[in-house]
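A short write-up of the structure that comes next.
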Amino acid sequence: MSTTFSIPSTLEKMLSRDKDFRYMALADLCVELQKDNFKMDADSERKLTDQILKLLQDNSNTVQEQVVKIMGPFSKKVKDSHITIVETLCNHLLTEKKGTEELRDLASLGLKAVVNEISSENPTLPPAIVKVLTPKLVQAISSNDDKPDTVSYCLDALNTLLERFGSHMLSDHENVLKAIQPQLKSKRNASRKKAIGCLAHLAVTIPDNVFADLVNNLVSNIGDSTKKVDELRTYMQAIGAISRSVGYRLGKYLGEILPRVIKYCKDPKFESDDELRENCFQCFESLILRCPKDITPYLDEIQGLCLQSISHDPNYAQSDDEMETDDAEDEEDDDDQEDYSDDDDMSWKVRRASIKCLAAIFNTRPDLLTKMYSTVAPALIQRFGEREENVKLDVFLAFSDLLKQTAIFARRNPELVAQSGPLQQLVPKIVTGVTKQLKGKSLKTRSGVFSLLRELVSVVPGSLGEHISALIPGIQVSLGDKNTDSNLKIETLSFLRLLLQSHVPTVFHPHMKAFTPAVFKAIKDPYYRTSAEALRVAAELVHVLRPKNVTFDYKPFVQDLFNATLEKLKTQEIDQEVKEAAITCMGLALANLGDELQSQTPEVLKIFHERLGNEITRLTTAKALEVVASSPLHLNLESVLSGITDELASFLSKHNRQLVQTSLLTLGVIVKNYGKETKAELSKNVLSKLAPLISVADLHLTHLSLNLATSLLQANPSSAALLGEQNIVGKSLELLKSSLLGGLALDSLLAFFSELIKTNSPTFGYDSLLEQLVAVVSSGKDTPKQVLSNTAKSVAAITSQTDGAKRTKTVNRFVAEAKSTKDDQSKHLALFALGEIGRLNDLSSHDDLEKSILGSFESSSEETRQAASFALGSVAVGNLKHYLPHVVNEIKTNSKSKYLLLHSLREIIVRQSANPESIAALRSFQDELLPILFNDCEYEEEGVRNVVAECLGKLALVSPQELVPALTKSVSSKSAFTRGTVVSAVKYAIVEKPQPIDSLLVTAIPTFLNSLSDSDLLVRRNTLFTLNYAAHNKPQLIRDVLPQYLPLVYNEAKVKPELIREVDLGPFKHKVDDGLEIRRAAYETMYTLLDSAVDRINISEFIAGPVVDGLNDTYDIKMLSHLMILRLCHTSSASLLESIELLIEPLRVTVTNKVKEGSIQQDVDRNDELVRSTLRAIISITRIPNSESIHKWDEFVRGICKTGELADKYNAIKHEMEHSEVSSNDMDTS
């Protein structure tokens, strides 16, 4: 505790007759209470408590207010005085002496502060507080009908108590309910509202039977239309509040609630009661958000009521048709409309509530989006002319919600945003509606318009191309009007930047003179965010001014853009955001317009050099220099080239990964485009920094480093001698020893080796490098297949760059090793190398090559046979006409090696089908291949059938017109093997990019999916694999037909007793589940569908069926079910909460499961991982808004996960998940 603070001294000041001393004592104590190290003994606590409570009745208002302020912090520090404090405050609250109104106010505030600060994790204090307060508050509410102030104070305190500790008041629920319900009829509006709040919090924890009584009472009251309107509004508000609090519990009562609520919206008797109708729509909105499944039967009727009410404006006679005005209307009329006001007019509340209700439908029912565009969207567009500004902004927000949902689901349903889709057809009406609003005086309205337009352009890029001329005046006004505030400017510039990004440049060229001056002026704006956003717009303008292959006179705009940007670039004392935006914009300006700025370029480059040396701006500057160096204008960088390359080279040894990455990219571009102009020292300087970066620990930096080394070799072949000194080649060879090497890093390594051979360096000649590569594969050691493959590719890369004589010698060497060597590793490398060399070169002149490879088919080693199979297929790719007939003949005659030969054929087909130039050659052999492949569909060995399926699928990509009908016909074969193979073949014919086969597959896919009802287990499993693959890579193929096949998928997810058999193992018996694999396939498919076609799934049915079943299944299925819950948390959180109680028991069983004593370590590890997976699912659900309002769920989480032995694990996993998300966000923004 601070040495300047003393509790005895503070107590003494509290007793002072001087109110200033008393006040300062409390203020000092308040400061000390904020400190973590504040402590007091029991005696000091008691004395402070007594004195603080006495000061609540002080005759100084400032002292009393300070006491209230201190109550919350003080209650967090005390240990034994909570009961004393709350009892005293409650007694003050209930006092009825004259002149104590102010004391009761203060006691009410203090009591709420104390209750809010008491930890719910404390096992004893909340029940004690409840025991003290509840009876007194309930008694006071029940017996003081003639004292409304007392009732109001008690309702306020009870509301806080129910919110914080409702779960500790179980024994008092009925008494509390009996006390609160009569207050719904109170003459005081404030008391009615507080009673509604109490009911909403009480509904969270009361048992089902009491909840049923509560709802039935409310329903009966709203059903009585003879009641006073104020009472009806109150009961309607109560239902709305309860639905917002625990909407999931109201689902079963909607059949009784909604018809009564709908009645008031339709009854002419209540047509003029706008507040009652507002309450009705607020109730609808809440129920739509909380009970999306149960409200479905009423959704169309509610939507119809909303559409009627969004134009409900009885005091202003204007039809919807009149709202669709064009820009030719008089602006004075607009102003008159906007200025219209009537303080007694409440109709705007009805319009606003109905609009929010429609927004709730958009957000919870993505499956209805197409319908929304034909029914609701046009009506919302008509309301863009709404006269009440707040309601108008809600219209814009609702339409933006519709667009956001469209953006989420457009990937799954591309028809929504297609050129002829429902949204595109509405664009002209949207533009007509918003352009008039852009001419109005309201800044908020214009800001709302630009926000909506930004959403539209994000969802449908290019959609405003034909309407630029209509939007430009609004942009000009919003940027140039002297009354425009910073928020509107930023919103306008943000929209303009996205508009420039998402449309072809030519649509802006006729309007450049109209809007560019405003942008350049905004760059000079004193507010840093406006200036930075304007610079980003200017950066986009650079691309628009001078697009490729377009003739446009851009020169009049260059100097203005340059001057505005240069002014900010030169300024040192400006915000970091503006500095970075100016650097980026200037880099793009030089790269695209530098030939018009030759005289000013040296000045800019000098500034760039200075900024590169500044730690704050060096990263952005390095990126800008990369853009400048990449310019096709090949600007003169001589004045700074040496300095910036040295600076960039020095960054390579920094610990900032992003800086290192950018420096490698920039140096690579500079060396590639200016290599001849750089000094020889650059190679040595850069290469000395590259060796530490070449490592499997960071393969992306390795890829960039090898690219830079390759560029240095191309620019300066003599630098090859330095590679040995700096150990670049040695580190590169080390890479080959890792099975992690692949992708871009491998491609860069191969390019580096190829370039090294081209230099003809005496240090690293072909023979020398070949021996070093061969030495990577250690003799007698078990080398991973990936290492063998990568080494073989490296050998092929350098062999393809050497002369013919050395190439022949190398091939002969490997042929001999494949024939004779006894060392398996050398033989495998020889076969892989022959395959890779043969794929790049025609080896048909080597007569004994094919014989040597086929001879390895007889090897006793499976790895050797696989290597030989790969070699034969790859060599055939180099000369298809020569080798393919031999392969086909071998397949026909050599049944013993059929599997290996089909693998060779697969290698040929896959390689050739990916290359458009080779497709014609492949087609010429199609008639010979198809009979063989279809015949082998019935082969008994599953491995053979799998290879046949892939061959047929890839051939279907080459010749869809012939193959798709043939596959469709074969799917009805009598042979289950053929049916299963054909269904699998379809999987390989589906690729992510658009293909000619797609139009045929859309029609044929139901024929293949019908195999989900096949009698053969294997066929059904293969069909699930194909459905999963289609859902992941091309969901549009299966979206429309999916609902009819989902029941079949769900059926395969069930445990089937007839597929479980018992195996007698002597001492014990073991159960084998033959259905596990197909169940796993079904759950994997459903997991994919939750991402790509969630709008085609009935989520409530899905949770109640497969998800609950999966949580009770075996280890693998449980893990998949947890992943599905994680995905549902993101895609369908409302529906998940609606069914959450179904998940509690299976999750509890799993998370509390313990392995038996003496279990093997594998079982212990599996159970631990299962518990961790379950906790991840639980944590994801708890993060859904309002999940804590579900009492059974909250009780489960607090009782099982947050306390006891699972608490530490729960908190650790929660921290891991939060840290993972932060890291992911950092990577996204880096």
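Going by the structure tokens order, chains are called A, B, ..., each with residues numbered from 1, while ligands are numbered from 1 in the order shown.
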
| request: Run DSSP on the backbone and grab whatever in region 989-1181 of chain A lands in strand (DSSP E); send it over as a VMD selection string. | output: chain A and resid 1060 to 1064 1069 to 1073

| Residue contacts of Asp401 (chain A) (10 Å, only C-alpha atoms) excluding same-chain residues fewer than 6 positions away, as a VMD selection string | chain A and resid 358 to 363 395 407 452 455

Any chance you could export the current selection's N, CA and C atoms as a short mmCIF file (atom, residue, chain, number, x, y, z; two decimals), in the first residue's frame?
```
data_model
loop_
_atom_site.label_atom_id
_atom_site.label_comp_id
_atom_site.auth_asym_id
_atom_site.auth_seq_id
_atom_site.Cartn_x
_atom_site.Cartn_y
_atom_site.Cartn_z
N LEU A 358 -37.32 -7.16 -41.21
CA LEU A 358 -36.88 -7.71 -42.51
C LEU A 358 -35.38 -8.01 -42.47
N ALA A 359 -34.61 -7.13 -41.83
CA ALA A 359 -33.16 -7.37 -41.72
C ALA A 359 -32.89 -8.66 -40.94
N ALA A 360 -33.73 -8.93 -39.93
CA ALA A 360 -33.57 -10.18 -39.16
C ALA A 360 -33.81 -11.40 -40.05
N ILE A 361 -34.77 -11.29 -40.96
CA ILE A 361 -35.02 -12.39 -41.90
C ILE A 361 -33.80 -12.59 -42.80
N PHE A 362 -33.23 -11.49 -43.29
CA PHE A 362 -32.03 -11.61 -44.14
C PHE A 362 -30.92 -12.35 -43.42
N ASN A 363 -30.72 -12.00 -42.14
CA ASN A 363 -29.57 -12.52 -41.40
C ASN A 363 -29.74 -13.94 -40.91
N VAL A 395 -33.10 1.71 -43.45
CA VAL A 395 -33.36 1.10 -44.76
C VAL A 395 -32.04 0.74 -45.43
N ALA A 407 -23.06 -11.80 -50.16
CA ALA A 407 -21.62 -11.99 -50.32
C ALA A 407 -21.16 -13.30 -49.69
N LEU A 452 -23.67 1.78 -48.38
CA LEU A 452 -24.46 0.78 -49.11
C LEU A 452 -23.83 0.47 -50.47
N GLU A 455 -20.85 -1.72 -50.22
CA GLU A 455 -21.24 -3.12 -50.04
C GLU A 455 -21.66 -3.74 -51.37
#
```

| Leaving out Gln437 (chain A) and any residue of its chain fewer than 2 positions from it, which residues lie within 8 Å of it when counting only C-alpha atoms, given as a PyMOL selection string? | chain A and resi 384-385+433-435+439-440+445-446+449

Selection above as a file: all heavy atoms, as a short mmCIF file (atom, residue, chain, number, x, y, z; two decimals), in the first residue's frame:
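So the final result, stored in part.cif, reads:
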```
data_model
loop_
_atom_site.label_atom_id
_atom_site.label_comp_id
_atom_site.auth_asym_id
_atom_site.auth_seq_id
_atom_site.Cartn_x
_atom_site.Cartn_y
_atom_site.Cartn_z
N PHE A 384 -35.91 4.11 -50.22
CA PHE A 384 -34.71 4.94 -50.14
C PHE A 384 -35.08 6.41 -49.99
O PHE A 384 -34.28 7.22 -49.52
CB PHE A 384 -33.85 4.76 -51.39
CG PHE A 384 -33.07 3.47 -51.42
CD1 PHE A 384 -32.31 3.13 -52.53
CD2 PHE A 384 -33.10 2.59 -50.36
CE1 PHE A 384 -31.59 1.94 -52.57
CE2 PHE A 384 -32.38 1.40 -50.38
CZ PHE A 384 -31.63 1.08 -51.49
N GLY A 385 -36.29 6.76 -50.39
CA GLY A 385 -36.74 8.15 -50.27
C GLY A 385 -37.47 8.44 -48.97
O GLY A 385 -38.12 9.48 -48.86
N GLY A 433 -32.39 5.13 -57.04
CA GLY A 433 -32.84 5.46 -55.69
C GLY A 433 -31.81 6.23 -54.88
O GLY A 433 -32.17 7.14 -54.13
N VAL A 434 -30.53 5.88 -55.02
CA VAL A 434 -29.52 6.51 -54.16
C VAL A 434 -28.99 7.83 -54.71
O VAL A 434 -28.55 8.69 -53.94
CB VAL A 434 -28.33 5.56 -53.90
CG1 VAL A 434 -28.80 4.31 -53.20
CG2 VAL A 434 -27.57 5.22 -55.17
N THR A 435 -29.00 8.00 -56.03
CA THR A 435 -28.42 9.23 -56.59
C THR A 435 -29.18 10.46 -56.13
O THR A 435 -28.59 11.52 -55.87
CB THR A 435 -28.40 9.17 -58.14
OG1 THR A 435 -29.68 8.74 -58.62
CG2 THR A 435 -27.34 8.22 -58.63
N LYS A 439 -27.90 14.01 -53.46
CA LYS A 439 -28.04 15.45 -53.70
C LYS A 439 -28.61 16.19 -52.50
O LYS A 439 -28.66 17.40 -52.48
CB LYS A 439 -28.94 15.68 -54.91
CG LYS A 439 -28.38 15.15 -56.22
CD LYS A 439 -29.37 15.35 -57.34
CE LYS A 439 -28.86 14.76 -58.65
NZ LYS A 439 -29.86 14.89 -59.74
N GLY A 440 -29.09 15.42 -51.50
CA GLY A 440 -29.69 16.04 -50.33
C GLY A 440 -28.67 16.71 -49.43
O GLY A 440 -27.45 16.59 -49.61
N THR A 445 -27.18 10.83 -44.37
CA THR A 445 -27.80 10.10 -45.48
C THR A 445 -26.78 9.79 -46.56
O THR A 445 -26.71 8.66 -47.07
CB THR A 445 -28.96 10.93 -46.07
OG1 THR A 445 -29.96 11.08 -45.08
CG2 THR A 445 -29.55 10.23 -47.29
N ARG A 446 -25.99 10.79 -46.93
CA ARG A 446 -24.98 10.56 -47.98
C ARG A 446 -23.96 9.51 -47.53
O ARG A 446 -23.54 8.66 -48.30
CB ARG A 446 -24.29 11.88 -48.32
CG ARG A 446 -25.11 12.76 -49.26
CD ARG A 446 -24.31 13.94 -49.74
NE ARG A 446 -24.50 15.09 -48.88
CZ ARG A 446 -23.70 16.15 -48.87
NH1 ARG A 446 -22.65 16.21 -49.66
NH2 ARG A 446 -23.95 17.17 -48.07
N VAL A 449 -25.52 6.17 -47.91
CA VAL A 449 -25.58 5.77 -49.32
C VAL A 449 -24.25 5.19 -49.76
O VAL A 449 -24.18 4.13 -50.41
CB VAL A 449 -25.97 6.97 -50.21
CG1 VAL A 449 -25.73 6.63 -51.69
CG2 VAL A 449 -27.42 7.34 -50.00
#
```

| message | Excluding Gly1110 (chain A) and its own-chain neighbours fewer than 2 positions away, which residues fall within 9 Å of it when counting only C-alpha atoms? Please give them as a list of chain:residue names. | response | A:Ala1053, A:Lys1054, A:Tyr1083, A:Gly1105, A:Pro1106, A:Val1107, A:Val1108, A:Asn1112, A:Asp1113, A:Thr1114, A:Ile1117, A:Lys1118, A:Met1119, A:Leu1120, A:Ser1121, A:His1122

| Gln237 (chain A) surroundings by only C-alpha atoms, 8 Å radius, close-in-sequence under 2 positions cut, as a ChimeraX atom specification | /A:196,233-235,239-241,279,283

Those same residues, written as a PDB file, in the first residue's frame with C-alpha atoms?
```pdb
ATOM      1  CA  ILE A 196     -40.489  -6.401 -17.961  1.00  0.00           C
ATOM      2  CA  ARG A 233     -48.273  -2.773 -25.257  1.00  0.00           C
ATOM      3  CA  THR A 234     -46.736  -3.842 -21.952  1.00  0.00           C
ATOM      4  CA  TYR A 235     -47.543  -7.521 -22.470  1.00  0.00           C
ATOM      5  CA  ILE A 239     -42.910 -11.187 -24.785  1.00  0.00           C
ATOM      6  CA  GLY A 240     -40.362  -9.329 -26.902  1.00  0.00           C
ATOM      7  CA  ALA A 241     -38.009  -8.924 -23.921  1.00  0.00           C
ATOM      8  CA  ASN A 279     -44.016  -3.525 -30.248  1.00  0.00           C
ATOM      9  CA  CYS A 283     -41.504  -9.026 -31.004  1.00  0.00           C
TER      10      CYS A 283
END
```

I'd like a table as a Markdown table: residues in region 238-260 of chain A with an atom no more than 8 Å from region 203-213 of chain A, each row giving the shortest atom pair and its distance in Å to one decimal, only C-alpha atoms counted, sorted by chain and rising residue number.
```
| residue | atom | partner | partner_atom | distance |
| --- | --- | --- | --- | --- |
| A:Ile242 | CA | A:Ala203 | CA | 6.6 |
| A:Ser245 | CA | A:Val204 | CA | 6.9 |
| A:Val246 | CA | A:Val204 | CA | 6.0 |
```

| remark: Here CA of Phe399 (chain A) and CA of Ser463 (chain A) stand apart by 16.2 Å

| query | So how many Å separate CA of Arg497 (chain A) and CA of Lys548 (chain A), to one decimal? | reply | 19.4 Å

| request: May I have the residues within 10 Å of Val729 (chain A) as a list in words, using only C-alpha atoms and disregarding those fewer than 3 positions away in the same chain? | output: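 Near neighbours after the sequence-gap exclusion: Ala691, Ile694, Ala720, Leu722, Leu723, Gly724, Glu725, Gln726, Ser732, Leu733, Glu734, Leu735, Leu749, Phe752, Phe753, Leu756, Phe764, Leu769 and Gln772 of chain A.
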
| said: When you look at Pro885 (chain A) with a cut-off of 10 Å (counting only C-alpha atoms), what residues show up, excluding the ones that are within fewer than 5 positions of it in the same chain? I need them as a VMD selection string. | reply: chain A and resid 876 880 890 to 891 925 928 to 929

| request: Name the residues of region 63-155 of chain A that come out as helix (DSSP H, G or I) in a backbone DSSP run; write them as a ChimeraX atom specification. | output: /A:63-77,82-94,101-117,125-143,148-155

| task | Find the distance between CA of Leu641 (chain A) and CA of Val628 (chain A) and write it in Å to one decimal. | result | 11.8 Å
